[in-house]
Structure formats: structure tokens, C-alpha cells
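Quick notes on the structure that follows.
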Amino acid sequence: MTPAFYDERTARTHVRRVREIIVNPPVHITQRSNPYISEDAADPKRKNSKKSADSVSTGGISTPATGGGLMAVLHSKLDINGYAVEEEKLDKVPEVVRNINFSAWNPPPGNRQLRGDLLYLEVYTLEGNTLHVTCSVTGFFLNSSTREMFDPRPAKTDYKSHTLVELLKRASHGFSSKFSRLMNRRVTRHPFQIIAAPYETYEWLQRPKPHAYDWNRAEDTLLSTYGMEGARGVLRDWNEEYQCCREMPQTNLLERILYNRTKYRVYLDFRDAATKGAMAVVDGNIPPVNPMDEERSWVYLYNKIFFSLTIDGRDTYKNIGGDRVSHCNASHDILGITTLERSGVDIKLRTLATLAVDYRGHRVLAQSIIPGIFHGDQDSSHVYGAMETSETIKADPDFHKEMQKAAEKLHIKEHTLIDIKGNKVTLAGCVETKGIIGSDRRKYLLDLTRIFPRDANFPEYKDYPTALLRPELIDQYVCRKALGEIVTKRHSDQQKEEAQKSTKTEEETTKNDKVEPKPSTNSKADLGATPEKAKENKNKQSSDYSKELSKIRFNVDIYTDWKHADAKQEEEDKKEIQIASQFLLQRVQGLVLGNFRSLRDSPVDGESLTKMMHTNGINVRYLGTMTSLAISNRMPHVAQLCVQEMLVRSAKHVLNGMLRDVKPDLAESQSTWFLAPCIVRFLNSFLGPFCGGHGLDKDQLEAAEKVLELIEKGEVGEGQKKQLPRSKRRRKKSKKSDQSIVVRMPNGRKAPTDPLHPNNLWMAIHRLVRQKYRCKLALSTEFSARRKLCMLRSLCKKVGIKLACRNYNFDVEVKQGEEPKQIFKIDDVIGLFPIVKTIQLFSKDADDFMHQGKMLISRGGVQLAYAKLTEAQNIIHQTYGPMHEQAARCYSLLAMVCYRAQDIVQAVEMQQKALLVYKRILGEDHHQVAYAHQTMSLFLHSAGQPAHALKHITRALFLFELMCGPVHPDVGAAHINIAMIYQDTAKVPKGLAHLQRAKEVFKAVLGGNHPQVALCDHTIAVAHSLMGNFREAINSEKIAKQIYDNLKHPRRQECVQWLQWFTKNAVDLEKGSKKKGQVNLVHPTLSPFVWISLQKLLPLTPRTSDLVKLIRLKSKSAMRTQVSEATVTQGDNKAKADTPRENNSPSENDAPSGGTAEPLTKSQKKRLKRKLQKQRQKAAREEGTKEASN
């Protein structure tokens, strides 16, 4: 290899890379796919690994102490220092050189540039020498310059090299001796820990790290381009790239994979650039496009991305909520774009690449730019919908045709409105949706904020202008109504046919009473026509279903201020929306709470709760009704979680408002009031001793409500108008203006007017809860220290606050006359991070295969499920790569299939991949990560690795307690699973302590008369029997039997057998006929242990959303079978017709609903033979009865 010549760009890149190696040297990674199981460890009977179960660190969870009851559980502390998982430690990075800086003699003078000099460097070595290095087109050499004199000639020690590293090795002995040790560091990593994540994930807890000396980091920060790719030299046209992806063909699977992959890559680059640009906009580093306008109406254009703050700058929503409506419309717009793209409709309408970034209290909406919209180009025109400032509604005919296609998929009804000028306009969408034709002649859709109907349960448009029904609810309602219509039609048709048949048979019997009936002989053609008729019926059913779906539509402009042309039609549209809204209240909420009650679904934090509600079509504003229903149905953990989510969401809005308005005090040289002090004061007031209004009397809260009303009316002095207090000097200056607000309590004291005072803060939160969720909470509620920690985590993840990882003492006592101690300090706030809301991109083909695999797993078809899931995995890898949430779900399903197929090694490997992907994509403390740890422990325990299984289950328990506190069904399940591991490793006393803790948790959550409590009593009885304490075992088993008797549970007989077994062993021990070691401690036929972590993996019964998806898959497969049937020749049909067959018996050639025929197994063939025999016997009996009657 010959050395290449340098230019200025490559020389800078070379120097930068050398500095990167010195600060963060590369590590030699030994890839190991499965660190838990080797080939000889797959045997579950292996005993050597059970010895190390005690040596595993529990990561913040210790063995629970017996006694104390539920109160001891609530007031116990969680060591959050175990939040950060310690990885394999590396050797300390040795220092090889002090500094490598660009010299102040840069740039080279003209005569030196002509001689090949590119740039000059100053290197400070470990020996204390300063080396001046010249980078030329041929390499690096030392020159004779000093700081006082410029001498570019080579130095006396003529060291030359093509690379900077080789030059420093020759010039510095310290560099050459330590650089080899720097490059020889090794560590073991899984391949999925090496692959770069598609985007950065942020944690809300972080251990403070020392601020390292790094010149590259300093240059990147000072010379940052805020997401612009400066190396290219040309700005990327995001809109053109995004629209070119949309125009790619999607006729077959390979084309769809290429389409999804290209679109995903472009959107990831857009996400990175837009996130950095939005942060720069909030920080004030990007100037606005319209600096002469008011600050509230500023917009920004950078890197060919349009940025706008989601505030009502033009007073468009002044009378219906203002900034609050603008803030919600951004998330509705993203949801509308996602729904339109997922609908799969083939239209010529284009949407923009869009995302929203929440940072420092602001929400920034980033969009790609429509060509010609900012240049006054006449080719870019508004042709559909209404602009905010216009009084007319436009509806271009060509654009309207495309909107009708989209409206059919989105179930939007075509309706006629009357604008302000009296013109009648027919639309196939909402008024706010704008249609624009760009200068590239593409048709663009903007502001898809209201493509869903409004919620009739919140009809007040001025109070709830953003109350819309979710697309998931619309899908459920439309599918159920369409199926109901089809069932009623079939029922009526069957009644008509039966009536006609009855009349015909009566007439035939009267005519042919004396005529003997001839034996019925079916021709071959009639026999062969049976499968064709069945297929025709299937196609007819799918076509009827699609027709019924297309008939059900909603008027999205109902319950708005726009006037409709037809008043009768408007009333009919209102009734349809009212029925759908009542369907949410009466049907969907009951199903969701039923799943919560049966533990089929179990939310552990606010994120999982809102996700479960959204997947079932329930909006977050129904948290108030969900709370009341959870209380009435005796689900305290769900009710507490709903209350926590309402409080945290309201506190988020209050804190965001404060962060938007915070400004430093110019009167001080060193400002003591900015973002960190504001956050600290808010957290101390929100989670301090007065959390939930506890300790505040009624008079204080009533005075606080009066203060907040005066603040909203604007009757506050200039010093109080800002939401944040200033320094003491500023307060003294504004004393005269602050005299306008004086609220006194009944004791004569002046009420505090500081918005961050606990009285005012909690009163503001309660008012937001009443306004947003229609829920009136108790003004004084006490929260335990564990619940405060859960609230802190939820608030930090919603606002984007990064705190120091340490144990915070929430049990602060308040003494009279003294201020409470501060829980949080300024140094605890490490930083703020952005929260990005993006369009959800996923592969429909992979999702269909995964859904079919899940249904096959629930039916027991392991081999077919594995084939479907493998196909889904291949599609996901080709489209997104392994670092995707859809890939993690597929890995977990494959692990479940391998586990059921008794391939434990493969199950562990697949589950480890799912766990690593979840960690890299979602974060360390996501609920999916906790479930993945729990499932991983099950697989490792089955593989005979209890030490590693205990490590994962204790990590899952730590995450569960961090997310939802110590009293939750998942926490109880984790305790039982830990007990099973301890009992299998002969650590029964430790397992017994966890079983007792699990019983306390389940009893507090589910009540004392629940099967799960009985299961805990039974496992406690088995644990006592293993320890030889048969009296305690009998007592615990009697309690379990009593619960089963009250519930009339089928396990009552099993409890009787266990009681007989325990009694027999107890009698034998008391009589002394057997020694303690000779007694059979475990029942020979009954299994005493139950591992209960599988309830989170797969639903055994299909959900409503699964039924909706299954109907769509069947309709797709019916269309595919129609296409495949068209290619079948007539000769094949004749061959089928020649084979005689019973009319009602199924044939092996008939394909199932999936569209492809699978080979029958032996058991299926036996069942088919039995079915055929029964049908033949039945037909023979019927013929015999007919002959006897004749």
C-alpha cells in the first residue's frame, strides 16, 4: 500500500481521529452470543450451577424481613443506587500526551502553502516539552517554531512520518511506551451491545461523572452546526427525499421491504437533524425568520426544516383555550399522519415529515418544507380546506376525489358546510385540514389534527376543543357494527328461507302423499360443486364485510362552531357519534377494567397505563372515570396509578409553564435563579412533606385558590405576573405594585402569593385535574415515600429532567416554626433532555406474520408459529435492522416458541436479544425491560442456571418497585418466582420470606378472598413442609382450601389431597415411626410450584383488537385466494368433481382461512376419520328413520 497525499480536510480528520483515540481509545471486543448457557449446560438436571445462587447481587433488593405487615412494606426504602447496571470494568485510560492543539500560527502563509504546508499543531508531551508539528501534503514533521518566533523549517531532530502517531512515538518516549497499553484494552460484549442504536435514548437518573478534558468535545460544541451536515457542503432536501420514498412501488414483498427501509433511514436522519435544530431554537441559537413580528409569532427556518413553537401566536384559538389547544394539536397532527399512513390507502396525497420535540418546557413542531411555500411562488397554492385567517372554505374537485379515497379508509363522512360568506362547500375531511399544491405539483395535506370525530361525552367545544375519539376506538366500533349488521342480515335471510322451505314442503306433501319417495342420488357434479360454493360463500362474506365497513362513517365537523347545510343530516351524524361515544363508556372501559381485574393486563406505570388505554381506544382524559370504576371494582393498585398519572400530568403542565417563563436576574453578576433552581424548588414543593396537600388545612387551600384566580384575572402586580419569583432585590423594588393582591386567611395572616409555595402549587394541580379529567380528588392525600419516588420518576421522564443517581430521603418531618429540609439540591439536577414524538413506522407484513404466529402459539401450533415468526424476523432485519422495537417483540415470541418446543438454549439466546434491544431502544427502566428480565429468569431457571435466573428476577423486582411501588400484582409475582428459585436451590427459609411478602401484596391489592392469595397460602404450606414444619403447612393449606371453597374453585379437591399428605407426614413424625429425613416432603403426584411470569407473554383468548386484526387478515387472504383461483384450470376442477365425497365432510384439499393448505398431522387425520364416521352414522340413522316412517 502506498501512502496517499493529504489535503486540508483529510489532515483535520486525521488529527481529530488521533485525539479521539487518545481520549476514548477503542476496545478489543470479544463477541459472545450467549454468556449464560454452553452446550453442556442445557440439561435442567445440572447441579453444579446451583451452588452460586447466593453470590448474585440483587441490585437494590434485599431479602424481605418477616413481620411488620403492609405498613412495613410501604415505608421500606428502595436503594436506587442499583439503577445503573455495572458492566465489565475496564482499565483506566493511560495518559499518553498532555494536549494536541491547533497552533496560533495557522493558517500557513502563502509561500508556505505553495510549498505544501497545510496546518500547524502544538503538542505538549508527558516530558514537559512543546513540539511544533507541521502537517504537509506528504505527512507530519517537527518544525523549528516557538511561541515567540515562527520558523517553519524542519527541526534539527529530523523526525518525519506519514502519520501523527508514528511521529509522536519517535519524538516522545512517554508516548511510545504508553500508547501500546492504551490500544490493548479488552472487554467481552454481546454483538447487540456493539451495534449502534438508531437514536439516542436518555435516562432520568445518572451517576455524576467527572468533566474530562476533551478538545474534540469543545470544538464540536463551539463549532456546532445544530444538526446540519456541514461535511457534505450541500443542504439535504428533506421533503424531496421523503416524497421520493413515498413514490416507490409497493406491489410485492421485496418492493415493500425496500420502501420501508429507505423511508426509515430518511426519517431517522430527519429525526436527528430536527431534534438538534429544535433544541437550538429553544436555546436561542437560531434566529427567527420574522424578527420584526411579536415574539409569540416567531417561526424558524433552518437546515431546510420549518420549526414553530406550539403556542397560539396569532390568537386563532383565543376563545377556546389558546396555547393549550395549540399544544394538543401538535400531538393530534402526528397521530393523524400515522393513521393515514397505516391505512394503506393508495392516494396521491402527500404528508410531510413531522415530529414534535418537548424541551425546556417548550414544544417545537418540526416539519419538512413544501416547495415554493416560502418564496412567494404562484405555483404553490391553497386549494382545500380553510386557512386560519381566511373566511372562505376551498374544495378543489381533483383534490376532493383524492380526499374521498382517504375518507373511505378513515371512515370520514362527506358533509356540506356553510362558510362565513354563505357559500356551501362539500368536504371529505375537517375544515382545518389544508390541501396545498406545491411548486413540484404534488398534493400535500397539512394539519391532520381533526381527522377523527369529536367525543360526544365532551360536547362543549369551548371547554374541550381537542376532545377527539381515538382511531383504535373507531376501528373497534366499526368492526363490531359491521359484524352485527351482517349477522342480523343473515338471520333475517335464514328466517325467510326457512319460511319459504316450509311452505314448499307443505305443498309437496299435499300433492305427493301417495307417491313413494325416490332414493336421493347425488351426481358427481353436485358433489364437486360443494367446495366451490364454500369458497364463493367466503368471498361473499368478505365482500359483504368490506361493504358494511365502507358504509359506517363519521362527520368530523360535528360539535364545532361551523354551520352545516342540512340540519336533519347533522342530527343523524350527531346520533352516530353519540352511539360511538357511549360504546366507549359502556363497553370498552368495562373490558379494559375486566382485564385489569383478571390480571390479564397489569399496568405498572403511567406509560404502560396510557399505552393500554390507547390500544383499546380510551383517551387519557378518561382517567377520572377509570379511577372511579377502579375504586368501585376494588382495584386499589389501578386507582392509585390513575390518580398518580393525573397528578403527574397536571404537575408537568405547571412545571413546563414555569420553565418557559424563567429568566435570570440581570441585577446580579452571578445569577442564582435559572432553570436548575426553578426545578429544585418545584420538586421540593411537589414531593416534599406537603405532597398531595397533606398537612395543609382547608383555609390555606381556599386562600390559595383565591390567589390563583386573581393571577388568572391579571390583578397581580408586575412583580407577581411572572410565574417565577425573582431575587430579593427585585422583590423589594416591586413592593408597591404587589400591594394590589392581598388575600388573608381566617387567622388574619397574609396568604403566600408565590406560585411555587406548596399551597399554591397543589391548588393549581388540583384545579387542572378537575378541569382536564373531570375528577375531584381529595385536597389532602398522604403519599408514602415509595409512591413519591414513583411520581418523581414519572415526572422526570415526562418533562425531560436528568437527576443524580442517589437515595433521596422523602420522609422529611416538619416542625412548627421551622422550614422543612430540602430533599433536592441544585447539584442534583444534572441536565435536561428532549422528548421526541415521532410518526410510528412499522412493517405491515412483519406485523401480520407476528400476529399469525401469536395465534398459532395460543392454539399449540409450535412449528407453524416458528416458521411465521422467522419470516417476520427476516423482514424486520432487512427493513430496520435488529435495533427496533418490532424486532424485540419478534425475538421474545421466538423465545417463547423455543421454550414450548423444549429448546431452552435457543430460547435463552432469543430472549437475551430481546432484552438487549429493549434496553438500547427504550431505556433501562422501561416496563418492557422488566418483563423481559422476568421471562429471561424463567428460561434460565428451566436451563439449570439459578444464579443467573436469580440475577434477572431480582432486577425485574427492582424495576417493578421503582415503577409502581411495593404493592402491585407484578411485584407479588416476582416475589413468588424468587421463592421458587430459592426452594429449588435448597434455600427454603429465604424463599419463605418472599412468599410471605407476596401474600401481603396480593392481599392488599386483590383482597383476601382471591385465588392468587390462595395460591400464596398453598406455596407457603409447601415451603413449611420442605422445612419439616407440617403443622404450619396444615394451617396454611386450610386457609387456601377455605378461599377455594368460598370461590367454588376447581382446585378444592387438590387441597384436600395436600391436607391428607401433610397430616399423614405430621402423624408419622409425632409417632416417631419415621425420622425427619425419611419423610417424603413433596407429594409424589401433585406439582407444588407454579411459575406465574408467563401471564404477561401471550393472551390465551383473543382480544378485541386481535379480532379486528384477524378479520383484516382474513379479508386479505380471501383476496389472495381469489387471485390464485383464477389461475386454476378446468381440468383440475373436473378431477376434483370426479372424486365422490360426503356433502358435509371436509376435504384435505380445502385450504384453511389463511389461504394456504398445510399437511395434516397424524392426530388431525384421526380426528378427521372420527368425524367422517360420525357423520356417516348420522346419515344412516336419518335414512333408517325415513324408511321406517314411510
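Numbering starts fresh at 1 for the residues of each chain in the C-alpha cells, the chains themselves are lettered A, B, ... in the order given, and ligands are numbered from 1 as they appear.
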* To do: May I have the residues within 7 Å of segment 1043-1052 of chain A as a list in words, using only C-alpha atoms and disregarding those fewer than 5 positions away in the same chain?
  =>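 The filter keeps Asn1009, Pro1011 and Ala1014 of chain A.
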Any chance you could export the current selection's N, CA, C and O atoms as a PDB file, in the first residue's frame?
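Here's the written file out.pdb:
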ATOM      1  N   ASN A1009     -59.979 -12.719  49.591  1.00  0.00           N
ATOM      2  CA  ASN A1009     -60.734 -13.831  49.012  1.00  0.00           C
ATOM      3  C   ASN A1009     -60.479 -13.914  47.509  1.00  0.00           C
ATOM      4  O   ASN A1009     -61.388 -13.781  46.689  1.00  0.00           O
ATOM      5  N   PRO A1011     -58.131 -16.074  44.294  1.00  0.00           N
ATOM      6  CA  PRO A1011     -57.345 -17.294  44.029  1.00  0.00           C
ATOM      7  C   PRO A1011     -55.841 -17.093  44.139  1.00  0.00           C
ATOM      8  O   PRO A1011     -55.120 -18.021  44.514  1.00  0.00           O
ATOM      9  N   ALA A1014     -54.898 -17.521  47.674  1.00  0.00           N
ATOM     10  CA  ALA A1014     -54.922 -18.956  47.989  1.00  0.00           C
ATOM     11  C   ALA A1014     -53.687 -19.666  47.447  1.00  0.00           C
ATOM     12  O   ALA A1014     -53.138 -20.570  48.099  1.00  0.00           O
TER      13      ALA A1014
END
* Structure fact -> Among A:Ile305, A:Val23, A:Ala872, A:Val431, Asp237 of chain A is approached most closely, using only C-alpha atoms, by A:Ile305
* Can you pull out every residue within 6 Å of Glu548 of chain A, counting only C-alpha atoms, but drop anything in the same chain fewer than 3 positions away, and send it as a list in words? => Ala482, Tyr545 and Lys551 of chain A
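Every protein, DNA or RNA residue with an atom at most 6 Å from segment 800-807 of chain A, where only C-alpha atoms count and chain neighbours fewer than 2 positions away do not, is listed here: Ile80, Asn81, Trp204, Leu205, Gln206, Arg207, Cys796, Lys797, Lys798, Asp828, Val829, Ile830, Gly831, Leu832, Phe833 and Pro834 of chain A.
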Take the residues just selected and output them with C-alpha atoms as a PDB file, in the first residue's frame.
ATOM      1  CA  ILE A  80     -31.901   3.395  43.745  1.00  0.00           C
ATOM      2  CA  ASN A  81     -28.125   3.269  43.576  1.00  0.00           C
ATOM      3  CA  TRP A 204     -33.670  10.170  34.064  1.00  0.00           C
ATOM      4  CA  LEU A 205     -31.041   9.012  36.566  1.00  0.00           C
ATOM      5  CA  GLN A 206     -27.316   9.272  36.026  1.00  0.00           C
ATOM      6  CA  ARG A 207     -24.304   8.885  38.205  1.00  0.00           C
ATOM      7  CA  CYS A 796     -38.750  13.412  35.142  1.00  0.00           C
ATOM      8  CA  LYS A 797     -39.465  11.151  32.164  1.00  0.00           C
ATOM      9  CA  LYS A 798     -42.353  13.367  31.028  1.00  0.00           C
ATOM     10  CA  ASP A 828     -28.827  17.054  41.875  1.00  0.00           C
ATOM     11  CA  VAL A 829     -30.125  18.462  38.581  1.00  0.00           C
ATOM     12  CA  ILE A 830     -27.629  17.204  36.002  1.00  0.00           C
ATOM     13  CA  GLY A 831     -29.367  18.374  32.847  1.00  0.00           C
ATOM     14  CA  LEU A 832     -32.427  18.425  30.611  1.00  0.00           C
ATOM     15  CA  PHE A 833     -33.039  16.141  27.652  1.00  0.00           C
ATOM     16  CA  PRO A 834     -35.524  16.347  24.755  1.00  0.00           C
TER      17      PRO A 834
END
* Given the choices A:Lys77, A:Ala4, A:Phe682, A:Ile618, which gets closest to Ala785 of chain A if the distance is worked out from only C-alpha atoms? ->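 Nearest candidate to Ala785 of chain A out of A:Lys77, A:Ala4, A:Phe682, A:Ile618: A:Lys77.
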* Spatial neighbours of Gly606 of chain A, 9 Å, only C-alpha atoms, chain gap at least 4 places, as a ChimeraX atom specification -> /A:610-611,641-642,644-645,794,963-964
* List every residue of segment 169-263 of chain A that DSSP, applied to the backbone of this structure, assigns to helix (DSSP H, G or I), and report them as number ranges by chain. => A: 169-171, 173-182, 191-194, 215-222, 238-246, 253-263
Just want the 6 Å neighbourhood of Leu142 of chain A, counted on only C-alpha atoms, with same-chain residues fewer than 3 positions away dropped. Output as a PDB file with C-alpha atoms, in the first residue's frame.
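As written to disk, around26.pdb reads:
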ATOM      1  CA  HIS A 132       5.566  22.262  16.978  1.00  0.00           C
ATOM      2  CA  VAL A 133       4.374  19.980  14.192  1.00  0.00           C
ATOM      3  CA  PRO A 154      12.380  21.301   9.853  1.00  0.00           C
ATOM      4  CA  ALA A 155      13.868  20.911  13.336  1.00  0.00           C
TER       5      ALA A 155
END
* Asked: From the set A:Gly972, A:Gly361, A:Pro746, A:Gly881, which residue has the shortest atom-to-atom contact distance to Val654 of chain A, counting only C-alpha atoms?
  ->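 Between A:Gly972, A:Gly361, A:Pro746, A:Gly881, the residue approaching Val654 of chain A most closely is A:Gly361.
Closest approach to Arg261 of chain A from the set A:Ser843, A:Thr316, A:Gln113, A:Thr426 is made by A:Ser843, with distances taken over only C-alpha atoms.
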